[in-house]
Amino acid sequence: MKHYNMKRLILIILGVLILAEVVWAVWTLSGRAAGTRASAPKPTAVVLIPDKNSLRVGETVKIDINLSSTRSTSGADLVIIYDPNVLAVKNVGNPVSLGNLYPSYPSNLVSEGEGRVSVSAVTQENAGVIADGHFGSIEFMAKAAGQTQVMVDFAFGQTTDSNIIAVDSGDDILLKVTNASLSVLP
């Protein structure tokens with residue numbers, strides 16, 4: 001009888017150990033353990049961030065242009081659209097105050113009548129540039145009252161609008177944009 005109880009105790013202990021191993025394996029493989037699951041890369045994005053969302057006619061607003069990506073890039077072409085009846089670019093000769101994300105910004109133009117700012121940035125480095133940081137900023141002056149947006153011209157798959165180019169493939173990797181909404185008061 002004593003021998004029978006000992007075997008039963010050993011079987012129970014082995015069962016508990018096997019169950020603990022199974023629970024640990026499921027927990028580890030499902031990524032519940034800290035640091036076991038690699039996070040998905042964030043989508044490449046352009047984010048417009050105004051220093052204020054409300055202003056009066058005659059006042060200025062600075063809009064930062066930030067890029068967000070984990071990928072290495074060879075360059076970016078950004079087209080920013082605004083309503084020229086409500087806003088005017090303050091520095092027409094140099095519409096985008098350039099950031100230091102890329103080493104070269106060969107194009108920085110405004111078409112006031114169309115309400116369009118175009119800026120390009122490139123790098124010659126084989127490794128490219130991680131497109132994550134401050135690309136530049138645009139300062140606008142409010143001309144007329146109204147609700148308006150400053151927008152990144154973007155449609156997925158288009159190459160005639162805003163694009164961020166991956167260094168390894170040459171593909172446009174821009175997936176998401178965040179525009180700026182403004183309220184201009186009289």
# chains A, B, ... in the order shown; residues from 1 in each chain; ligands from 1
>>> residues_around(residues="Ala76 of chain A", least_positions_apart="5", cutoff="7 Å", atoms="only C-alpha atoms", output="list in words")
Ser120, Ala121, Val122, Asn163, Ile164 and Ile165 of chain A
>>> write_last_selection(atoms="N, CA, C and O atoms", output="tab-separated table (two decimals), in the first residue's frame")
chain	number	residue	atom	x	y	z
A	120	SER	N	11.89	69.05	-51.38
A	120	SER	CA	12.53	67.76	-51.57
A	120	SER	C	13.79	67.68	-50.72
A	120	SER	O	14.48	68.68	-50.53
A	121	ALA	N	14.08	66.47	-50.24
A	121	ALA	CA	15.28	66.23	-49.45
A	121	ALA	C	15.91	64.93	-49.91
A	121	ALA	O	15.20	63.99	-50.26
A	122	VAL	N	17.23	64.89	-49.93
A	122	VAL	CA	17.94	63.68	-50.38
A	122	VAL	C	19.20	63.47	-49.55
A	122	VAL	O	19.70	64.38	-48.90
A	163	ASN	N	6.06	61.67	-51.21
A	163	ASN	CA	6.66	60.34	-51.21
A	163	ASN	C	7.86	60.31	-50.28
A	163	ASN	O	8.58	61.31	-50.16
A	164	ILE	N	8.08	59.17	-49.66
A	164	ILE	CA	9.31	58.92	-48.91
A	164	ILE	C	9.88	57.63	-49.50
A	164	ILE	O	9.19	56.61	-49.56
A	165	ILE	N	11.12	57.68	-49.95
A	165	ILE	CA	11.71	56.60	-50.73
A	165	ILE	C	12.64	55.73	-49.88
A	165	ILE	O	13.59	56.23	-49.28
>>> residues_around(residues="Val110 of chain A", least_positions_apart="3", cutoff="8 Å", atoms="only C-alpha atoms", output="PDB file with all heavy atoms, in the first residue's frame")
ATOM      1  N   VAL A  89       1.929  81.927 -47.136  1.00  0.00           N
ATOM      2  CA  VAL A  89       3.244  81.528 -46.636  1.00  0.00           C
ATOM      3  C   VAL A  89       4.009  82.799 -46.293  1.00  0.00           C
ATOM      4  O   VAL A  89       4.084  83.726 -47.104  1.00  0.00           O
ATOM      5  CB  VAL A  89       3.995  80.680 -47.688  1.00  0.00           C
ATOM      6  CG1 VAL A  89       5.423  80.409 -47.237  1.00  0.00           C
ATOM      7  CG2 VAL A  89       3.255  79.374 -47.935  1.00  0.00           C
ATOM      8  N   VAL A  92       8.113  83.535 -48.654  1.00  0.00           N
ATOM      9  CA  VAL A  92       7.900  82.976 -49.988  1.00  0.00           C
ATOM     10  C   VAL A  92       9.212  82.509 -50.615  1.00  0.00           C
ATOM     11  O   VAL A  92       9.242  81.510 -51.337  1.00  0.00           O
ATOM     12  CB  VAL A  92       7.189  84.011 -50.893  1.00  0.00           C
ATOM     13  CG1 VAL A  92       7.039  83.493 -52.311  1.00  0.00           C
ATOM     14  CG2 VAL A  92       5.835  84.367 -50.320  1.00  0.00           C
ATOM     15  N   GLY A  93      10.317  83.188 -50.355  1.00  0.00           N
ATOM     16  CA  GLY A  93      11.601  82.816 -50.937  1.00  0.00           C
ATOM     17  C   GLY A  93      12.164  81.516 -50.380  1.00  0.00           C
ATOM     18  O   GLY A  93      12.958  80.841 -51.030  1.00  0.00           O
ATOM     19  N   PRO A  95      10.073  78.841 -48.293  1.00  0.00           N
ATOM     20  CA  PRO A  95       8.845  78.529 -47.560  1.00  0.00           C
ATOM     21  C   PRO A  95       9.008  77.557 -46.399  1.00  0.00           C
ATOM     22  O   PRO A  95       8.354  77.710 -45.377  1.00  0.00           O
ATOM     23  CB  PRO A  95       7.919  77.952 -48.627  1.00  0.00           C
ATOM     24  CG  PRO A  95       8.795  77.556 -49.751  1.00  0.00           C
ATOM     25  CD  PRO A  95       9.991  78.442 -49.692  1.00  0.00           C
ATOM     26  N   GLY A 115      -1.714  77.553 -53.686  1.00  0.00           N
ATOM     27  CA  GLY A 115      -1.684  77.122 -52.293  1.00  0.00           C
ATOM     28  C   GLY A 115      -0.920  75.820 -52.143  1.00  0.00           C
ATOM     29  O   GLY A 115      -1.394  74.871 -51.544  1.00  0.00           O
ATOM     30  N   ARG A 116       0.296  75.810 -52.697  1.00  0.00           N
ATOM     31  CA  ARG A 116       1.081  74.574 -52.732  1.00  0.00           C
ATOM     32  C   ARG A 116       2.540  74.869 -52.406  1.00  0.00           C
ATOM     33  O   ARG A 116       3.156  75.744 -52.976  1.00  0.00           O
ATOM     34  CB  ARG A 116       0.979  73.989 -54.124  1.00  0.00           C
ATOM     35  CG  ARG A 116       1.673  72.676 -54.342  1.00  0.00           C
ATOM     36  CD  ARG A 116       1.707  72.348 -55.834  1.00  0.00           C
ATOM     37  NE  ARG A 116       0.946  71.361 -56.471  1.00  0.00           N
ATOM     38  CZ  ARG A 116       0.117  70.449 -56.026  1.00  0.00           C
ATOM     39  NH1 ARG A 116      -0.143  70.375 -54.776  1.00  0.00           N
ATOM     40  NH2 ARG A 116      -0.466  69.587 -56.784  1.00  0.00           N
ATOM     41  N   VAL A 117       3.063  74.101 -51.445  1.00  0.00           N
ATOM     42  CA  VAL A 117       4.481  74.165 -51.104  1.00  0.00           C
ATOM     43  C   VAL A 117       5.085  72.814 -51.457  1.00  0.00           C
ATOM     44  O   VAL A 117       4.533  71.775 -51.100  1.00  0.00           O
ATOM     45  CB  VAL A 117       4.702  74.455 -49.602  1.00  0.00           C
ATOM     46  CG1 VAL A 117       6.174  74.358 -49.233  1.00  0.00           C
ATOM     47  CG2 VAL A 117       4.138  75.817 -49.224  1.00  0.00           C
ATOM     48  N   SER A 118       6.207  72.836 -52.190  1.00  0.00           N
ATOM     49  CA  SER A 118       6.904  71.599 -52.569  1.00  0.00           C
ATOM     50  C   SER A 118       8.325  71.663 -52.029  1.00  0.00           C
ATOM     51  O   SER A 118       9.028  72.651 -52.253  1.00  0.00           O
ATOM     52  CB  SER A 118       6.951  71.449 -54.088  1.00  0.00           C
ATOM     53  OG  SER A 118       5.654  71.452 -54.624  1.00  0.00           O
TER      54      SER A 118
END
>>> select_by_dssp(residues="segment 59-137 of chain A", states="strand (DSSP E or B)", output="NGL selection string")
:A and (60-68 or 72-81 or 87-89 or 96-98 or 104-111 or 116-122 or 129-130 or 133-137)
>>> closest_residue(among="A:Met6, A:Val61, A:Val184, A:Leu11", to="Thr148 of chain A", atoms="only C-alpha atoms")
A:Val184
>>> residues_around(residues="Thr73 of chain A", least_positions_apart="6", cutoff="12 Å", atoms="only C-alpha atoms", output="ChimeraX atom specification")
/A:44,67,101-102,121-132,163-174
>>> atom_distance(atom1="atom CA of Arg71 of chain A", atom2="atom CA of Val150 of chain A")
25.7 Å
>>> residues_around(residues="Val119 of chain A", least_positions_apart="6", cutoff="9 Å", atoms="only C-alpha atoms", output="list of chain:residue names")
A:Ala76, A:Asp77, A:Leu78, A:Val79, A:Ile80, A:Pro95, A:Val96, A:Tyr105, A:Pro106, A:Ser107, A:Asn108, A:Leu109, A:Val110
>>> write_last_selection(atoms="C-alpha atoms", output="PDB file, in the first residue's frame")
ATOM      1  CA  ALA A  76      11.544  62.578 -49.473  1.00  0.00           C
ATOM      2  CA  ASP A  77       9.355  64.758 -51.681  1.00  0.00           C
ATOM      3  CA  LEU A  78       6.629  66.553 -49.784  1.00  0.00           C
ATOM      4  CA  VAL A  79       3.751  68.537 -51.220  1.00  0.00           C
ATOM      5  CA  ILE A  80       1.849  70.634 -48.683  1.00  0.00           C
ATOM      6  CA  PRO A  95       8.845  78.529 -47.560  1.00  0.00           C
ATOM      7  CA  VAL A  96      10.067  75.597 -45.453  1.00  0.00           C
ATOM      8  CA  TYR A 105      17.185  69.951 -49.536  1.00  0.00           C
ATOM      9  CA  PRO A 106      17.573  70.764 -53.257  1.00  0.00           C
ATOM     10  CA  SER A 107      14.033  72.073 -53.808  1.00  0.00           C
ATOM     11  CA  ASN A 108      11.980  74.376 -51.584  1.00  0.00           C
ATOM     12  CA  LEU A 109       9.279  76.193 -53.557  1.00  0.00           C
ATOM     13  CA  VAL A 110       5.872  77.795 -53.061  1.00  0.00           C
TER      14      VAL A 110
END
>>> residues_around(residues="Leu182 of chain A", least_positions_apart="2", cutoff="12 Å", atoms="only C-alpha atoms", output="ChimeraX atom specification")
/A:48-57,60-63,82-83,86-87,140-142,144-151,179-180,184-185
